[in-house]
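Asks: The structure follows.
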Amino acid sequence: MKPGIHPEYRPVVFRDRAADFAFLTRSTATSDRTVEWEDGNTYPVIDVEISSASHPFYTGTQRVLDTAARVERFERRYGRGRGER
C-alpha cells in the first residue's frame, strides 16, 4: 500500500442510544466526541440510529405479513391474469 494516502484505522466506539448498547471495534470513521470505555481508555464515539440491539430483524420483533391473503385479495379484485376477460 502507498504510505500516507489511507485513513487511520483505529479503535472506535459505536453507540446505539435507543437500545443503550455500545461496542468497540476498529474503523476509519472519525468523531470529535469521545467516551471512556470499560478498559479505562478514551476512544472516539459515533452515535448510530440503529444497531443489532435495536433492529427488528435481530431482536425478533419484526412483523410477519400475511402475503398469501394479499395475493388472494388482489386476484379476487383484479382477476388471475391478463388473459382472463
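Note on naming: chains are A, B, ... as they come in the C-alpha cells, residues start from 1 per chain, ligands start from 1 in the order shown.
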Please provide as a PDB file with N, CA, C and O atoms, in the first residue's frame all residues within 12 Å of segment 9-22 of chain A, with the sequence filter that same-chain residues fewer than 6 positions apart are discarded (counting only C-alpha atoms).
Replies:
ATOM      1  N   THR A  28     -12.293   3.417  10.341  1.00  0.00           N
ATOM      2  CA  THR A  28     -11.655   4.638   9.871  1.00  0.00           C
ATOM      3  C   THR A  28     -12.550   5.848  10.123  1.00  0.00           C
ATOM      4  O   THR A  28     -12.171   6.959   9.809  1.00  0.00           O
ATOM      5  N   ALA A  29     -13.733   5.625  10.687  1.00  0.00           N
ATOM      6  CA  ALA A  29     -14.657   6.723  10.982  1.00  0.00           C
ATOM      7  C   ALA A  29     -14.049   7.650  12.035  1.00  0.00           C
ATOM      8  O   ALA A  29     -13.324   7.213  12.928  1.00  0.00           O
ATOM      9  N   THR A  30     -14.367   8.937  11.912  1.00  0.00           N
ATOM     10  CA  THR A  30     -13.818   9.920  12.843  1.00  0.00           C
ATOM     11  C   THR A  30     -14.934  10.623  13.596  1.00  0.00           C
ATOM     12  O   THR A  30     -16.073  10.686  13.135  1.00  0.00           O
ATOM     13  N   SER A  31     -14.585  11.140  14.767  1.00  0.00           N
ATOM     14  CA  SER A  31     -15.541  11.871  15.587  1.00  0.00           C
ATOM     15  C   SER A  31     -14.778  12.797  16.524  1.00  0.00           C
ATOM     16  O   SER A  31     -13.674  12.472  16.974  1.00  0.00           O
ATOM     17  N   ASP A  32     -15.382  13.948  16.813  1.00  0.00           N
ATOM     18  CA  ASP A  32     -14.777  14.882  17.757  1.00  0.00           C
ATOM     19  C   ASP A  32     -15.113  14.506  19.195  1.00  0.00           C
ATOM     20  O   ASP A  32     -14.427  14.922  20.123  1.00  0.00           O
ATOM     21  N   ARG A  33     -16.188  13.736  19.375  1.00  0.00           N
ATOM     22  CA  ARG A  33     -16.606  13.347  20.725  1.00  0.00           C
ATOM     23  C   ARG A  33     -15.895  12.071  21.146  1.00  0.00           C
ATOM     24  O   ARG A  33     -15.581  11.220  20.309  1.00  0.00           O
ATOM     25  N   THR A  34     -15.672  11.934  22.442  1.00  0.00           N
ATOM     26  CA  THR A  34     -15.004  10.752  22.973  1.00  0.00           C
ATOM     27  C   THR A  34     -15.797  10.188  24.137  1.00  0.00           C
ATOM     28  O   THR A  34     -16.669  10.860  24.691  1.00  0.00           O
ATOM     29  N   VAL A  35     -15.473   8.946  24.486  1.00  0.00           N
ATOM     30  CA  VAL A  35     -16.113   8.278  25.609  1.00  0.00           C
ATOM     31  C   VAL A  35     -15.068   7.401  26.294  1.00  0.00           C
ATOM     32  O   VAL A  35     -14.173   6.870  25.638  1.00  0.00           O
ATOM     33  N   GLU A  36     -15.193   7.280  27.603  1.00  0.00           N
ATOM     34  CA  GLU A  36     -14.301   6.383  28.322  1.00  0.00           C
ATOM     35  C   GLU A  36     -14.902   4.988  28.301  1.00  0.00           C
ATOM     36  O   GLU A  36     -16.035   4.778  28.720  1.00  0.00           O
ATOM     37  N   TRP A  37     -14.127   4.022  27.812  1.00  0.00           N
ATOM     38  CA  TRP A  37     -14.609   2.657  27.646  1.00  0.00           C
ATOM     39  C   TRP A  37     -14.343   1.852  28.911  1.00  0.00           C
ATOM     40  O   TRP A  37     -13.701   2.312  29.854  1.00  0.00           O
ATOM     41  N   GLU A  38     -14.840   0.635  28.964  1.00  0.00           N
ATOM     42  CA  GLU A  38     -14.727  -0.245  30.128  1.00  0.00           C
ATOM     43  C   GLU A  38     -13.287  -0.531  30.532  1.00  0.00           C
ATOM     44  O   GLU A  38     -13.002  -0.800  31.695  1.00  0.00           O
ATOM     45  N   ASN A  41      -9.642   3.301  28.833  1.00  0.00           N
ATOM     46  CA  ASN A  41      -9.120   4.139  27.754  1.00  0.00           C
ATOM     47  C   ASN A  41     -10.220   5.011  27.174  1.00  0.00           C
ATOM     48  O   ASN A  41     -11.406   4.691  27.264  1.00  0.00           O
ATOM     49  N   THR A  42      -9.836   6.102  26.552  1.00  0.00           N
ATOM     50  CA  THR A  42     -10.779   7.010  25.900  1.00  0.00           C
ATOM     51  C   THR A  42     -10.712   6.795  24.396  1.00  0.00           C
ATOM     52  O   THR A  42      -9.626   6.785  23.812  1.00  0.00           O
ATOM     53  N   TYR A  43     -11.887   6.627  23.781  1.00  0.00           N
ATOM     54  CA  TYR A  43     -11.978   6.372  22.348  1.00  0.00           C
ATOM     55  C   TYR A  43     -12.970   7.342  21.718  1.00  0.00           C
ATOM     56  O   TYR A  43     -13.885   7.823  22.385  1.00  0.00           O
ATOM     57  N   PRO A  44     -12.826   7.601  20.402  1.00  0.00           N
ATOM     58  CA  PRO A  44     -13.856   8.378  19.707  1.00  0.00           C
ATOM     59  C   PRO A  44     -15.167   7.605  19.728  1.00  0.00           C
ATOM     60  O   PRO A  44     -15.174   6.376  19.675  1.00  0.00           O
ATOM     61  N   VAL A  45     -16.291   8.315  19.825  1.00  0.00           N
ATOM     62  CA  VAL A  45     -17.592   7.659  19.866  1.00  0.00           C
ATOM     63  C   VAL A  45     -18.448   8.172  18.714  1.00  0.00           C
ATOM     64  O   VAL A  45     -18.448   9.362  18.403  1.00  0.00           O
ATOM     65  N   ILE A  46     -19.150   7.253  18.064  1.00  0.00           N
ATOM     66  CA  ILE A  46     -20.056   7.592  16.971  1.00  0.00           C
ATOM     67  C   ILE A  46     -21.429   7.062  17.339  1.00  0.00           C
ATOM     68  O   ILE A  46     -21.592   5.864  17.584  1.00  0.00           O
ATOM     69  N   ASP A  47     -22.423   7.947  17.414  1.00  0.00           N
ATOM     70  CA  ASP A  47     -23.794   7.546  17.717  1.00  0.00           C
ATOM     71  C   ASP A  47     -24.478   7.095  16.431  1.00  0.00           C
ATOM     72  O   ASP A  47     -24.395   7.764  15.398  1.00  0.00           O
ATOM     73  N   VAL A  48     -25.142   5.941  16.508  1.00  0.00           N
ATOM     74  CA  VAL A  48     -25.839   5.399  15.345  1.00  0.00           C
ATOM     75  C   VAL A  48     -27.337   5.335  15.632  1.00  0.00           C
ATOM     76  O   VAL A  48     -27.764   5.244  16.779  1.00  0.00           O
ATOM     77  N   GLU A  49     -28.137   5.406  14.584  1.00  0.00           N
ATOM     78  CA  GLU A  49     -29.591   5.372  14.708  1.00  0.00           C
ATOM     79  C   GLU A  49     -30.100   3.992  15.096  1.00  0.00           C
ATOM     80  O   GLU A  49     -31.041   3.853  15.841  1.00  0.00           O
ATOM     81  N   ILE A  50     -29.465   2.967  14.527  1.00  0.00           N
ATOM     82  CA  ILE A  50     -29.955   1.608  14.726  1.00  0.00           C
ATOM     83  C   ILE A  50     -28.767   0.647  14.712  1.00  0.00           C
ATOM     84  O   ILE A  50     -27.789   0.875  14.009  1.00  0.00           O
ATOM     85  N   SER A  51     -28.845  -0.379  15.519  1.00  0.00           N
ATOM     86  CA  SER A  51     -27.799  -1.397  15.557  1.00  0.00           C
ATOM     87  C   SER A  51     -28.470  -2.761  15.717  1.00  0.00           C
ATOM     88  O   SER A  51     -29.689  -2.868  15.733  1.00  0.00           O
ATOM     89  N   SER A  52     -27.661  -3.783  15.899  1.00  0.00           N
ATOM     90  CA  SER A  52     -28.233  -5.117  16.071  1.00  0.00           C
ATOM     91  C   SER A  52     -29.047  -5.219  17.358  1.00  0.00           C
ATOM     92  O   SER A  52     -29.902  -6.086  17.480  1.00  0.00           O
ATOM     93  N   ALA A  53     -28.818  -4.321  18.292  1.00  0.00           N
ATOM     94  CA  ALA A  53     -29.567  -4.346  19.554  1.00  0.00           C
ATOM     95  C   ALA A  53     -30.956  -3.734  19.421  1.00  0.00           C
ATOM     96  O   ALA A  53     -31.830  -3.999  20.241  1.00  0.00           O
ATOM     97  N   SER A  54     -31.179  -2.911  18.384  1.00  0.00           N
ATOM     98  CA  SER A  54     -32.481  -2.268  18.243  1.00  0.00           C
ATOM     99  C   SER A  54     -33.190  -2.569  16.926  1.00  0.00           C
ATOM    100  O   SER A  54     -34.339  -2.191  16.749  1.00  0.00           O
ATOM    101  N   HIS A  55     -32.527  -3.245  15.987  1.00  0.00           N
ATOM    102  CA  HIS A  55     -33.148  -3.541  14.698  1.00  0.00           C
ATOM    103  C   HIS A  55     -34.153  -4.681  14.861  1.00  0.00           C
ATOM    104  O   HIS A  55     -33.845  -5.702  15.478  1.00  0.00           O
ATOM    105  N   PRO A  56     -35.355  -4.527  14.313  1.00  0.00           N
ATOM    106  CA  PRO A  56     -36.394  -5.551  14.480  1.00  0.00           C
ATOM    107  C   PRO A  56     -35.993  -6.938  13.985  1.00  0.00           C
ATOM    108  O   PRO A  56     -36.410  -7.938  14.552  1.00  0.00           O
ATOM    109  N   THR A  59     -33.800  -8.409  16.845  1.00  0.00           N
ATOM    110  CA  THR A  59     -34.443  -8.502  18.157  1.00  0.00           C
ATOM    111  C   THR A  59     -35.635  -9.447  18.143  1.00  0.00           C
ATOM    112  O   THR A  59     -36.152  -9.794  19.198  1.00  0.00           O
TER     113      THR A  59
END
